Amino acid sequence: IVGEKWWKNSIIYQIYPASFKDSNGDGIGDIQGIISSLDYITSLGVDVIWLCPMYDSPQIDMGYDISDYQSVYGPYGTVQDMETLIDACHRRGLRIILDLVVNHTSDQHRWFKESRSSKTDPKRNWYIWKPAKYDANGNRQPPNNWRSVFGGSAWEWDEKTQEYYLHLFCVEQPDVNWENVETRQAIYEEAMEFWLQKGVDGFRVDTVNMYSKSPEYANAPILDPKSDTQPAFDLFCNGPRIHEYMREMNEVLSKYDAMTVGELPNTHTIEGVLRYVSAAEKQLSMVFQFDLVDLGMGKDYKFLTTLPGWNLQELKNAIKSTQDLIKGTDAWTTVFMENHDQGRSVSRFGSDKTPELRVRSAKMLAMMQGTLSGTQFIYQGQEIGMVNAPREWTIDEYKDIDSTNYYRMTSKAFGEGSAELSTAMDSLQHLARDHARLPMQWSAEANAGFSPALSEKPWMRPHDNYPEINVQLQENDPSSVLSFWKQMNELRKVYADLLVFGEFDIIGEPNQSVFTYTKTSRNQTVLVVLNFSDTTQKFEKPESVKSEDWTLLASNVNGHKEDLEAFEGRLENNHYGTLR
Ligand code: TEU
Ligand code: CA
């Protein structure tokens, strides 16, 4: 893999500061906690850490509402702590990337405070202000019917200056006006260069396709007739100037040779994704496509009557669309199943019904992730197979604004005790962002070892299962999910040309229980067989690979038989022989 960019063959470990490790017992994770865990992180065999926002913020959206790009949220630590962390990473040979959130700021950012102070303020057009509309009865209406991602109108009325401002996320997250060149320069300097000069190696770029909105601000088509707001993703994603902005941003980044991974929701065609990540475009190093993590979400997932399910064919298609991105192109892709916005992958795509199925399906999912091409991302706790909070937990345990808004709106529309509200709780139990934000389970000690024993209550309730699922227990167990992930991470390095760079092909007949694919490089192939069902499945090697002489490379069952057990996964290759 000589001559390839370092980030292609990297495994990136995502850290959610509030929930990773609390060093001082105030119940909130912090930077010193991360520094003290670097030996653990290194032991996983990862190359890079990605830190979710640690900037100063009123925390309405857990730090994605930034009030100052150049300071750190008090409970997390200081800029000096960040410098220590950056240095400590580099000394260990780890790289570090930060979250770059520049579609919007907090309404408490000084830019917005100035902007909203008067219509003639020099920063007025740093944000997106529009006059009201009036209906036939003379009632004031927002400029259009766009719905914010967290529900409700995307426009907020400002009494003082008698105009609306746009917020694609919550009211406290006004959208920055990227049309304004002065604003863009300020973003590059204050949010990017400040940290690049401190040595960070790149950014995960939040909502990267929303900076350019369709300039007409036209109404979105009515998909939800019962509502006065409509989903408008097509009108605020991938707007006409987006690629101009990306190239401009890239000029700043390339001075530092920084990598980027952009978050790319609502972009489903290969051509659309390639516009951002083809190397010739000089925009982003790679992006997160949402095809897989959106499975079973339903349309705009508001007011469900039943839980939208997913089937294996959809999962295969989702994987295919990220893998095919690099077939015969100069682009690069990513592999991930979890992040801070998703339910846990074992609960969504495997099974958390029994400890045995949990462990086996966690390993099977590790086999899938570990064998797909692209830069790999592991979310904290995924490596020990953490699962969703149980259905018994009430809304009081959910802290995310998206969850609590959703609950409040459903309750308002249908009432406490309604069947709809109960379905809303079912859906939150599957899909809420909160599940990823439960404290990291370090040990069987009080607070899951997340906070020191004599401490405040952690900001989110630890999962009741931490005595059974935790780092300490798994570190000493060669058959644990953690040990399996370490093995997969090692395998990925040894067989990089196959696993990281190889060509992906789905093989065999369409099958709703078993996912079979190969990864191929010049002279060798890996065969991956994954039983996504909780029952035994017949398995016969597809004709196309039958004649080959295969060796078992990894397996998640003891002494495997002909048939596939529930959630069994097998990796076989036809060239080098077993690793150990
Ligand atoms: O997410 C943006 C996004 O489009 C979704 O993943 C979104 O979180 C989800 O649809 C809402 O339920 C990014 C961040 O990852 C997320 O945590 C922030 O809340 C959001 O941007 C706003 O900054
Ligand atoms: Ca703390």
# chains A, B, ... in the order shown; residues from 1 in each chain; ligands from 1
$ select_by_dssp --residues "range 301-529 of chain A" --states "helix (DSSP H, G or I)" --output "number ranges by chain"
A: 312-326, 345-349, 355-371, 382-384, 395-397, 401-414, 419-431, 433-437, 446-449, 471-475, 481-494, 496-499
$ residues_near_ligand --ligand "ligand 2" --cutoff "7 Å" --atoms "only C-alpha atoms and all ligand atoms" --output "PyMOL selection string"
chain A and resi 22-30+75-76
$ atom_distance --atom1 "CA of Thr518 in chain A" --atom2 "CA of Ser345 in chain A"
22.3 Å
$ residues_near_ligand --ligand "ligand 1" --cutoff "7 Å" --atoms "only C-alpha atoms and all ligand atoms" --output "list in words"
Asp61, Tyr64, Asp65, Val101, Val149, Phe150, Phe169, Asp206, Thr207, Pro265, His340, Asp341, Asp402 and Arg433 of chain A
$ write_last_selection --atoms "C-alpha atoms" --output "short mmCIF file (atom, residue, chain, number, x, y, z; two decimals), in the first residue's frame"
data_model
loop_
_atom_site.label_atom_id
_atom_site.label_comp_id
_atom_site.auth_asym_id
_atom_site.auth_seq_id
_atom_site.Cartn_x
_atom_site.Cartn_y
_atom_site.Cartn_z
CA ASP A 61 -27.57 19.91 21.21
CA TYR A 64 -23.19 20.88 18.21
CA ASP A 65 -24.33 24.38 19.21
CA VAL A 101 -19.56 22.29 13.05
CA VAL A 149 -34.45 18.29 11.42
CA PHE A 150 -35.61 18.19 15.05
CA PHE A 169 -31.67 22.10 13.57
CA ASP A 206 -20.75 18.09 10.40
CA THR A 207 -23.71 18.27 7.97
CA PRO A 265 -27.11 12.84 4.78
CA HIS A 340 -23.32 9.31 18.50
CA ASP A 341 -26.57 9.73 16.51
CA ASP A 402 -34.39 15.14 19.22
CA ARG A 433 -29.55 8.91 19.63
#
$ atom_distance --atom1 "CA of Gly449 in chain A" --atom2 "CA of Gln472 in chain A"
9.4 Å
$ select_by_dssp --residues "range 395-537 of chain A" --states "strand (DSSP E or B)" --output "PDB file with N, CA and C atoms, in the first residue's frame"
ATOM      1  N   GLU A 503     -11.595  -5.462  -3.841  1.00  0.00           N
ATOM      2  CA  GLU A 503     -12.845  -5.215  -4.563  1.00  0.00           C
ATOM      3  C   GLU A 503     -13.969  -6.053  -3.963  1.00  0.00           C
ATOM      4  N   PHE A 504     -15.102  -5.425  -3.760  1.00  0.00           N
ATOM      5  CA  PHE A 504     -16.237  -6.047  -3.076  1.00  0.00           C
ATOM      6  C   PHE A 504     -17.222  -6.608  -4.096  1.00  0.00           C
ATOM      7  N   ASP A 505     -17.626  -7.870  -3.897  1.00  0.00           N
ATOM      8  CA  ASP A 505     -18.665  -8.459  -4.747  1.00  0.00           C
ATOM      9  C   ASP A 505     -19.611  -9.303  -3.913  1.00  0.00           C
ATOM     10  N   ILE A 506     -20.903  -9.024  -4.043  1.00  0.00           N
ATOM     11  CA  ILE A 506     -21.903  -9.881  -3.394  1.00  0.00           C
ATOM     12  C   ILE A 506     -21.986 -11.156  -4.215  1.00  0.00           C
ATOM     13  N   VAL A 514     -28.707 -14.823   4.868  1.00  0.00           N
ATOM     14  CA  VAL A 514     -27.252 -14.912   4.834  1.00  0.00           C
ATOM     15  C   VAL A 514     -26.687 -13.885   3.854  1.00  0.00           C
ATOM     16  N   PHE A 515     -25.646 -13.210   4.294  1.00  0.00           N
ATOM     17  CA  PHE A 515     -24.960 -12.218   3.468  1.00  0.00           C
ATOM     18  C   PHE A 515     -23.600 -12.812   3.117  1.00  0.00           C
ATOM     19  N   THR A 516     -23.390 -13.077   1.840  1.00  0.00           N
ATOM     20  CA  THR A 516     -22.133 -13.660   1.385  1.00  0.00           C
ATOM     21  C   THR A 516     -21.471 -12.716   0.393  1.00  0.00           C
ATOM     22  N   TYR A 517     -20.209 -12.415   0.630  1.00  0.00           N
ATOM     23  CA  TYR A 517     -19.501 -11.584  -0.344  1.00  0.00           C
ATOM     24  C   TYR A 517     -18.020 -11.950  -0.367  1.00  0.00           C
ATOM     25  N   THR A 518     -17.373 -11.515  -1.396  1.00  0.00           N
ATOM     26  CA  THR A 518     -15.927 -11.706  -1.473  1.00  0.00           C
ATOM     27  C   THR A 518     -15.247 -10.352  -1.552  1.00  0.00           C
ATOM     28  N   LYS A 519     -13.997 -10.354  -1.082  1.00  0.00           N
ATOM     29  CA  LYS A 519     -13.115  -9.218  -1.299  1.00  0.00           C
ATOM     30  C   LYS A 519     -11.930  -9.771  -2.070  1.00  0.00           C
ATOM     31  N   THR A 520     -11.575  -9.075  -3.134  1.00  0.00           N
ATOM     32  CA  THR A 520     -10.534  -9.599  -3.999  1.00  0.00           C
ATOM     33  C   THR A 520      -9.459  -8.555  -4.265  1.00  0.00           C
ATOM     34  N   SER A 521      -8.215  -8.993  -4.177  1.00  0.00           N
ATOM     35  CA  SER A 521      -7.133  -8.138  -4.687  1.00  0.00           C
ATOM     36  C   SER A 521      -6.413  -8.971  -5.737  1.00  0.00           C
ATOM     37  N   GLN A 524      -5.617 -12.859  -4.681  1.00  0.00           N
ATOM     38  CA  GLN A 524      -6.250 -13.585  -3.594  1.00  0.00           C
ATOM     39  C   GLN A 524      -7.636 -13.059  -3.304  1.00  0.00           C
ATOM     40  N   THR A 525      -8.388 -13.889  -2.575  1.00  0.00           N
ATOM     41  CA  THR A 525      -9.780 -13.563  -2.278  1.00  0.00           C
ATOM     42  C   THR A 525     -10.093 -13.922  -0.835  1.00  0.00           C
ATOM     43  N   VAL A 526     -10.914 -13.107  -0.199  1.00  0.00           N
ATOM     44  CA  VAL A 526     -11.495 -13.467   1.084  1.00  0.00           C
ATOM     45  C   VAL A 526     -12.981 -13.691   0.883  1.00  0.00           C
ATOM     46  N   LEU A 527     -13.472 -14.790   1.417  1.00  0.00           N
ATOM     47  CA  LEU A 527     -14.900 -15.093   1.347  1.00  0.00           C
ATOM     48  C   LEU A 527     -15.494 -14.791   2.722  1.00  0.00           C
ATOM     49  N   VAL A 528     -16.552 -13.980   2.738  1.00  0.00           N
ATOM     50  CA  VAL A 528     -17.189 -13.589   3.989  1.00  0.00           C
ATOM     51  C   VAL A 528     -18.620 -14.116   3.991  1.00  0.00           C
ATOM     52  N   VAL A 529     -18.955 -14.894   5.010  1.00  0.00           N
ATOM     53  CA  VAL A 529     -20.288 -15.482   5.099  1.00  0.00           C
ATOM     54  C   VAL A 529     -20.885 -15.088   6.446  1.00  0.00           C
ATOM     55  N   LEU A 530     -22.009 -14.384   6.425  1.00  0.00           N
ATOM     56  CA  LEU A 530     -22.588 -13.854   7.656  1.00  0.00           C
ATOM     57  C   LEU A 530     -24.059 -14.247   7.760  1.00  0.00           C
ATOM     58  N   ASN A 531     -24.403 -14.964   8.805  1.00  0.00           N
ATOM     59  CA  ASN A 531     -25.809 -15.322   9.031  1.00  0.00           C
ATOM     60  C   ASN A 531     -26.458 -14.236   9.888  1.00  0.00           C
ATOM     61  N   GLN A 537     -28.918 -21.787   9.493  1.00  0.00           N
ATOM     62  CA  GLN A 537     -29.158 -21.664   8.052  1.00  0.00           C
ATOM     63  C   GLN A 537     -28.290 -22.654   7.293  1.00  0.00           C
TER      64      GLN A 537
END
$ closest_residue --among "A:Met210, A:Ile31, A:Cys170, A:Ala191" --to "Asp234 in chain A" --atoms "only C-alpha atoms"
A:Met210
$ residues_around --residues "Glu156 in chain A" --least-positions-apart "4" --cutoff "12 Å" --atoms "only C-alpha atoms" --output "JSON list (two decimals) with N, CA and C atoms, in the first residue's frame"
[["chain", "number", "residue", "atom", "x", "y", "z"],
["A", 107, "ASP", "N", -26.93, 30.15, 19.26],
["A", 107, "ASP", "CA", -27.46, 31.53, 19.28],
["A", 107, "ASP", "C", -26.70, 32.38, 20.32],
["A", 116, "ARG", "N", -28.16, 39.59, 15.49],
["A", 116, "ARG", "CA", -29.56, 39.80, 15.86],
["A", 116, "ARG", "C", -29.79, 41.14, 16.55],
["A", 128, "ILE", "N", -29.06, 33.85, 8.25],
["A", 128, "ILE", "CA", -30.05, 33.90, 7.18],
["A", 128, "ILE", "C", -31.37, 34.48, 7.70],
["A", 129, "TRP", "N", -31.56, 35.76, 7.43],
["A", 129, "TRP", "CA", -32.73, 36.49, 7.91],
["A", 129, "TRP", "C", -33.69, 36.72, 6.76],
["A", 130, "LYS", "N", -35.01, 36.55, 7.03],
["A", 130, "LYS", "CA", -36.02, 36.82, 5.99],
["A", 130, "LYS", "C", -37.23, 37.48, 6.64],
["A", 131, "PRO", "N", -37.90, 38.34, 5.86],
["A", 131, "PRO", "CA", -39.13, 38.94, 6.38],
["A", 131, "PRO", "C", -40.26, 37.93, 6.47],
["A", 132, "ALA", "N", -41.26, 38.24, 7.26],
["A", 132, "ALA", "CA", -42.43, 37.37, 7.40],
["A", 132, "ALA", "C", -43.27, 37.39, 6.14],
["A", 140, "ARG", "N", -49.24, 36.40, 10.53],
["A", 140, "ARG", "CA", -47.83, 36.27, 10.19],
["A", 140, "ARG", "C", -47.43, 34.81, 9.98],
["A", 141, "GLN", "N", -46.70, 34.55, 8.92],
["A", 141, "GLN", "CA", -46.26, 33.18, 8.59],
["A", 141, "GLN", "C", -44.75, 33.18, 8.33],
["A", 142, "PRO", "N", -44.09, 32.06, 8.59],
["A", 142, "PRO", "CA", -42.66, 31.99, 8.25],
["A", 142, "PRO", "C", -42.45, 32.06, 6.73],
["A", 143, "PRO", "N", -41.23, 32.38, 6.29],
["A", 143, "PRO", "CA", -40.94, 32.55, 4.86],
["A", 143, "PRO", "C", -41.26, 31.32, 4.00],
["A", 144, "ASN", "N", -41.16, 30.13, 4.56],
["A", 144, "ASN", "CA", -41.59, 28.94, 3.82],
["A", 144, "ASN", "C", -41.95, 27.84, 4.81],
["A", 146, "TRP", "N", -40.49, 24.93, 5.43],
["A", 146, "TRP", "CA", -39.46, 23.94, 5.76],
["A", 146, "TRP", "C", -39.56, 23.49, 7.21],
["A", 147, "ARG", "N", -39.35, 22.19, 7.37],
["A", 147, "ARG", "CA", -39.35, 21.60, 8.71],
["A", 147, "ARG", "C", -37.91, 21.45, 9.19],
["A", 148, "SER", "N", -37.66, 21.76, 10.43],
["A", 148, "SER", "CA", -36.30, 21.58, 10.95],
["A", 148, "SER", "C", -36.07, 20.10, 11.21],
["A", 152, "GLY", "N", -40.84, 20.74, 13.87],
["A", 152, "GLY", "CA", -41.29, 22.14, 13.94],
["A", 152, "GLY", "C", -40.70, 22.96, 12.80],
["A", 161, "THR", "N", -36.03, 42.49, 15.99],
["A", 161, "THR", "CA", -35.78, 43.04, 14.65],
["A", 161, "THR", "C", -36.88, 42.66, 13.65],
["A", 162, "GLN", "N", -37.92, 41.99, 14.13],
["A", 162, "GLN", "CA", -39.11, 41.71, 13.30],
["A", 162, "GLN", "C", -38.77, 40.99, 12.00],
["A", 163, "GLU", "N", -37.91, 39.96, 12.13],
["A", 163, "GLU", "CA", -37.65, 39.08, 10.98],
["A", 163, "GLU", "C", -37.48, 37.65, 11.49],
["A", 164, "TYR", "N", -37.55, 36.70, 10.55],
["A", 164, "TYR", "CA", -37.28, 35.31, 10.89],
["A", 164, "TYR", "C", -35.83, 34.97, 10.61],
["A", 165, "TYR", "N", -35.25, 34.06, 11.40],
["A", 165, "TYR", "CA", -33.95, 33.49, 11.00],
["A", 165, "TYR", "C", -34.12, 31.98, 10.80],
["A", 166, "LEU", "N", -33.24, 31.44, 9.95],
["A", 166, "LEU", "CA", -33.30, 30.02, 9.61],
["A", 166, "LEU", "C", -32.51, 29.19, 10.61],
["A", 167, "HIS", "N", -33.08, 28.07, 11.04],
["A", 167, "HIS", "CA", -32.34, 27.09, 11.86],
["A", 167, "HIS", "C", -32.77, 25.70, 11.39],
["A", 168, "LEU", "N", -31.87, 25.03, 10.66],
["A", 168, "LEU", "CA", -32.23, 23.69, 10.16],
["A", 168, "LEU", "C", -32.29, 22.68, 11.30],
["A", 169, "PHE", "N", -31.60, 22.99, 12.41],
["A", 169, "PHE", "CA", -31.67, 22.10, 13.57],
["A", 169, "PHE", "C", -32.45, 22.84, 14.65],
["A", 170, "CYS", "N", -32.01, 22.88, 15.91],
["A", 170, "CYS", "CA", -32.91, 23.49, 16.89],
["A", 170, "CYS", "C", -32.87, 25.01, 16.86],
["A", 171, "VAL", "N", -33.85, 25.61, 17.52],
["A", 171, "VAL", "CA", -34.00, 27.07, 17.52],
["A", 171, "VAL", "C", -32.71, 27.77, 17.92],
["A", 172, "GLU", "N", -31.97, 27.13, 18.83],
["A", 172, "GLU", "CA", -30.74, 27.72, 19.35],
["A", 172, "GLU", "C", -29.55, 27.48, 18.43],
["A", 173, "GLN", "N", -29.78, 26.95, 17.22],
["A", 173, "GLN", "CA", -28.69, 26.69, 16.26],
["A", 173, "GLN", "C", -28.95, 27.43, 14.94],
["A", 174, "PRO", "N", -28.82, 28.77, 14.94],
["A", 174, "PRO", "CA", -29.07, 29.51, 13.70],
["A", 174, "PRO", "C", -28.07, 29.12, 12.59],
["A", 175, "ASP", "N", -28.57, 28.99, 11.37],
["A", 175, "ASP", "CA", -27.70, 28.65, 10.23],
["A", 175, "ASP", "C", -26.87, 29.85, 9.81]]
$ closest_atom_pairs --of "range 12-115 of chain A" --to "range 236-251 of chain A" --cutoff "12 Å" --atoms "only C-alpha atoms" --output "tab-separated table"
residue	atom	partner	partner_atom	distance
A:Leu100	CA	A:Met249	CA	11.7
A:Val102	CA	A:Met249	CA	11.3
A:Asn103	CA	A:Phe236	CA	11.2
$ write_last_selection --atoms "C-alpha atoms" --output "PDB file, in the first residue's frame"
ATOM      1  CA  LEU A 100     -16.052  20.854  12.621  1.00  0.00           C
ATOM      2  CA  VAL A 102     -19.954  25.254  10.736  1.00  0.00           C
ATOM      3  CA  ASN A 103     -23.404  24.972   9.189  1.00  0.00           C
TER       4      ASN A 103
END
$ residues_around --residues "Met367 in chain A" --least-positions-apart "4" --cutoff "7 Å" --atoms "only C-alpha atoms" --output "PyMOL selection string"
chain A and resi 363+371+488
$ residues_around --residues "range 52-54 of chain A" --least-positions-apart "2" --cutoff "6 Å" --atoms "only C-alpha atoms" --output "number ranges by chain"
A: 16, 63, 72-73, 99
$ write_last_selection --atoms "N, CA and C atoms" --output "compact mmCIF listing (two decimals), in the first residue's frame"
# COMPACT_ATOMS: atom_id res chain seq x y z
N TYR A 16 -17.08 10.35 22.37
CA TYR A 16 -18.12 11.31 22.74
C TYR A 16 -17.73 11.82 24.13
N GLY A 63 -23.24 20.19 22.37
CA GLY A 63 -22.00 20.74 21.84
C GLY A 63 -22.01 20.99 20.34
N VAL A 72 -12.93 25.80 25.19
CA VAL A 72 -13.41 24.46 25.47
C VAL A 72 -14.53 24.56 26.52
N TYR A 73 -15.53 23.72 26.39
CA TYR A 73 -16.63 23.67 27.35
C TYR A 73 -16.06 23.40 28.76
N ASP A 99 -14.34 17.58 15.54
CA ASP A 99 -15.59 17.80 14.83
C ASP A 99 -15.62 19.26 14.38
$ atom_distance --atom1 "CA of Ala258 in chain A" --atom2 "CA of Cys89 in chain A"
15.9 Å
$ residues_around --residues "Met440 in chain A" --least-positions-apart "2" --cutoff "10 Å" --atoms "only C-alpha atoms" --output "list in words"
Ile15, Tyr16, Ala18, Ser19, Phe20, Lys21, Asp22, Gly29, Gln380, Gly381, Gln382, Ile384, Met386, Ala436, Arg437, Leu438, Trp442, Ser443, Asn447, Ala448, Gly449, Phe450, Ser451, Pro462, His463, Tyr466, Asn470 and Val471 of chain A
$ decode --residues "range 398-440 of chain A" --atoms "C-alpha atoms" --output "PDB file, in the first residue's frame"
ATOM      1  CA  TYR A 398     -33.645  10.293  27.534  1.00  0.00           C
ATOM      2  CA  LYS A 399     -31.699  13.545  27.304  1.00  0.00           C
ATOM      3  CA  ASP A 400     -31.362  14.202  23.571  1.00  0.00           C
ATOM      4  CA  ILE A 401     -33.342  17.175  22.253  1.00  0.00           C
ATOM      5  CA  ASP A 402     -34.385  15.136  19.216  1.00  0.00           C
ATOM      6  CA  SER A 403     -35.886  12.432  21.464  1.00  0.00           C
ATOM      7  CA  THR A 404     -37.537  14.770  23.931  1.00  0.00           C
ATOM      8  CA  ASN A 405     -38.995  16.953  21.144  1.00  0.00           C
ATOM      9  CA  TYR A 406     -40.364  13.881  19.435  1.00  0.00           C
ATOM     10  CA  TYR A 407     -41.938  12.628  22.647  1.00  0.00           C
ATOM     11  CA  ARG A 408     -43.413  16.028  23.479  1.00  0.00           C
ATOM     12  CA  MET A 409     -44.913  16.462  20.007  1.00  0.00           C
ATOM     13  CA  THR A 410     -46.411  12.966  19.996  1.00  0.00           C
ATOM     14  CA  SER A 411     -47.807  13.457  23.459  1.00  0.00           C
ATOM     15  CA  LYS A 412     -49.297  16.815  22.451  1.00  0.00           C
ATOM     16  CA  ALA A 413     -50.887  15.354  19.315  1.00  0.00           C
ATOM     17  CA  PHE A 414     -52.241  12.114  20.786  1.00  0.00           C
ATOM     18  CA  GLY A 415     -52.179  12.486  24.564  1.00  0.00           C
ATOM     19  CA  GLU A 416     -50.514  10.763  27.489  1.00  0.00           C
ATOM     20  CA  GLY A 417     -51.408   7.077  27.603  1.00  0.00           C
ATOM     21  CA  SER A 418     -52.192   6.959  23.840  1.00  0.00           C
ATOM     22  CA  ALA A 419     -51.159   4.006  21.706  1.00  0.00           C
ATOM     23  CA  GLU A 420     -49.171   6.444  19.536  1.00  0.00           C
ATOM     24  CA  LEU A 421     -47.121   7.567  22.497  1.00  0.00           C
ATOM     25  CA  SER A 422     -46.347   3.977  23.371  1.00  0.00           C
ATOM     26  CA  THR A 423     -45.222   3.383  19.769  1.00  0.00           C
ATOM     27  CA  ALA A 424     -43.100   6.513  20.027  1.00  0.00           C
ATOM     28  CA  MET A 425     -41.369   4.972  23.040  1.00  0.00           C
ATOM     29  CA  ASP A 426     -40.879   1.710  21.095  1.00  0.00           C
ATOM     30  CA  SER A 427     -39.270   3.687  18.344  1.00  0.00           C
ATOM     31  CA  LEU A 428     -37.057   5.638  20.738  1.00  0.00           C
ATOM     32  CA  GLN A 429     -35.975   2.377  22.326  1.00  0.00           C
ATOM     33  CA  HIS A 430     -34.739   1.233  18.897  1.00  0.00           C
ATOM     34  CA  LEU A 431     -33.472   4.353  17.237  1.00  0.00           C
ATOM     35  CA  ALA A 432     -32.920   7.207  19.692  1.00  0.00           C
ATOM     36  CA  ARG A 433     -29.550   8.913  19.630  1.00  0.00           C
ATOM     37  CA  ASP A 434     -29.449   8.554  23.427  1.00  0.00           C
ATOM     38  CA  HIS A 435     -28.405   4.888  23.289  1.00  0.00           C
ATOM     39  CA  ALA A 436     -24.978   5.799  21.979  1.00  0.00           C
ATOM     40  CA  ARG A 437     -24.599   8.420  24.699  1.00  0.00           C
ATOM     41  CA  LEU A 438     -24.928   6.190  27.761  1.00  0.00           C
ATOM     42  CA  PRO A 439     -21.735   6.197  29.836  1.00  0.00           C
ATOM     43  CA  MET A 440     -18.923   4.005  28.575  1.00  0.00           C
TER      44      MET A 440
END
